[in-house]
Amino acid sequence: MLVSIPHPCYLGSVGPDRTAPLGVFDSGLGGLTVVRALRATLPHEDIVYLGDTARVPYGTRSKDTVVRYASACARHLVGRGVKAIVIACNTVSAVAPERLRAELDLPVLEVIGPGARAAVAASRTGRIGILATAGTVASGAYPRAVAAASTRAETVSQAAPLLVPLAEEGWITGQVPELVVRRYVEPLALADVDVVVLGCTHYPILRDVIEDVVRERIGPHARVVDSANTIAETVASFLQTRAIDRPASEGLGAVKLLATDVPRAFEEQASRFLGEATSGVEVVDL
């Protein structure tokens with residue numbers, strides 16, 4: 001069950017309080033799959049999650065607009081006293097991390113780099129498929145991140161916009177999602193990739209059907225890389241290396257949900273993405 005988190009404090013020049021929460025944001029609900037992975041990997045951490053539901057989707061916006069929205073989200077979380085920012089949005093991760101790092105006196109972690117490195121490690125052939133939103137595909141962020149991880153790897157990107165509404169509507173099994181996924185996986189199969197990266201944080205909700213189609217069309221050897229899991233592992237390593245992870249003696253962590261709008265059925269959708277019951281959402285104005 002999600003509960004409220006007391007406002008944390010900072011230790012000034014000494015650095016962030018280890019017990020301060022992580023700040024996680026996304027354009028909407030999708031980033032809750034990252035929170036879910038963080039909860040599994042770092043169960044003692046408190047998390048403040050901000051979904052910019054009033055301005056979703058980011059994937060169709062210009063780069064300048066995405067950077068402006070991301071800056072507003074990150075600054076709001078800084079005002080909540082977080083010790084680090086996790087960008088749980090591939091679109092923002094493609095265009096805004098360096099800008100946010102320059103603006104904020106806090107660590108900023110993003111989902112694309114860890115996902116790309118995990119894909120390179122998982123691939124036997126060096127041919128990597130990317131399923132992502134149109135905005136993330138157009139940014140070229142995954143090909144750049146994969147190239148930074150391995151000069152021998154190649155990427156094939158496929159925009160998969162219909163997977164977002166399917167995830168939000170809860171259409172995650174059956175013929176409809178299977179047909180849609182098959183349509184998007186087919187070009188990757190024809191390109192002979194052996195790894196498929198879920199390059200949008202909505203997509204893990206559909207992971208079972210995606211994996212089934214990938215195995216059928218590409219082969220049993222093919223791997224699906226979930227960027228939510230890879231960023232959770234990266235965050236865990238980052239916090240532990242810098243000794244700012246929340247001590248286990250503090251007990252299990254809690255999650256505070258913030259949103260810029262709470263549309264109908266939001267809590268039901270949020271529970272589905274998070275994998276646990278929610279207990280209210282605070283509406284904030286950015």
# chains A, B, ... in the order shown; residues from 1 in each chain; ligands from 1
call {"tool": "select_by_dssp", "arguments": {"residues": "region 58-268 of chain A", "states": "alpha helix (DSSP H)", "output": "number ranges by chain"}}
result
A: 63-79, 90-95, 97-103, 112-122, 134-139, 141-149, 163-169, 175-190, 207-217, 227-241, 266-268
call {"tool": "residues_around", "arguments": {"residues": "Gly31 (chain A)", "least_positions_apart": "6", "cutoff": "7 Å", "atoms": "only C-alpha atoms", "output": "NGL selection string"}}
result
:A and (25 or 88-89 or 201)
call {"tool": "write_last_selection", "arguments": {"atoms": "N, CA and C atoms", "output": "PDB file, in the first residue's frame"}}
result
ATOM      1  N   PHE A  25      10.158  11.076 -12.537  1.00  0.00           N
ATOM      2  CA  PHE A  25       9.076  11.725 -13.284  1.00  0.00           C
ATOM      3  C   PHE A  25       8.956  11.185 -14.697  1.00  0.00           C
ATOM      4  N   ALA A  88      12.075   8.870 -15.918  1.00  0.00           N
ATOM      5  CA  ALA A  88      11.413   7.615 -16.289  1.00  0.00           C
ATOM      6  C   ALA A  88      10.641   7.788 -17.587  1.00  0.00           C
ATOM      7  N   CYS A  89      11.243   8.453 -18.533  1.00  0.00           N
ATOM      8  CA  CYS A  89      10.604   8.754 -19.818  1.00  0.00           C
ATOM      9  C   CYS A  89      11.663   8.712 -20.901  1.00  0.00           C
ATOM     10  N   THR A 201       8.491   3.397 -21.430  1.00  0.00           N
ATOM     11  CA  THR A 201       8.184   2.798 -20.129  1.00  0.00           C
ATOM     12  C   THR A 201       6.748   2.302 -20.014  1.00  0.00           C
TER      13      THR A 201
END
call {"tool": "atom_distance", "arguments": {"atom1": "CA of Arg18 (chain A)", "atom2": "CA of Pro247 (chain A)"}}
result
7.5 Å
call {"tool": "select_by_dssp", "arguments": {"residues": "region 41-265 of chain A", "states": "strand (DSSP E or B)", "output": "VMD selection string"}}
result
chain A and resid 47 to 51 84 to 87 108 to 110 127 to 132 154 to 159 195 to 199 223 to 226 255 to 259
call {"tool": "residues_around", "arguments": {"residues": "Thr173 (chain A)", "least_positions_apart": "6", "cutoff": "10 Å", "atoms": "only C-alpha atoms", "output": "PyMOL selection string"}}
result
chain A and resi 166-167+206+208-209
call {"tool": "atom_distance", "arguments": {"atom1": "CA of Ala84 (chain A)", "atom2": "CA of Arg61 (chain A)"}}
result
25.5 Å
call {"tool": "closest_residue", "arguments": {"among": "A:Pro16, A:Gly51, A:Gly23, A:Gly115", "to": "Leu286 (chain A)", "atoms": "only C-alpha atoms"}}
result
A:Gly51
call {"tool": "closest_residue", "arguments": {"among": "A:Ile244, A:Val86, A:Ile172, A:Leu100", "to": "Ile47 (chain A)", "atoms": "only C-alpha atoms"}}
result
A:Val86
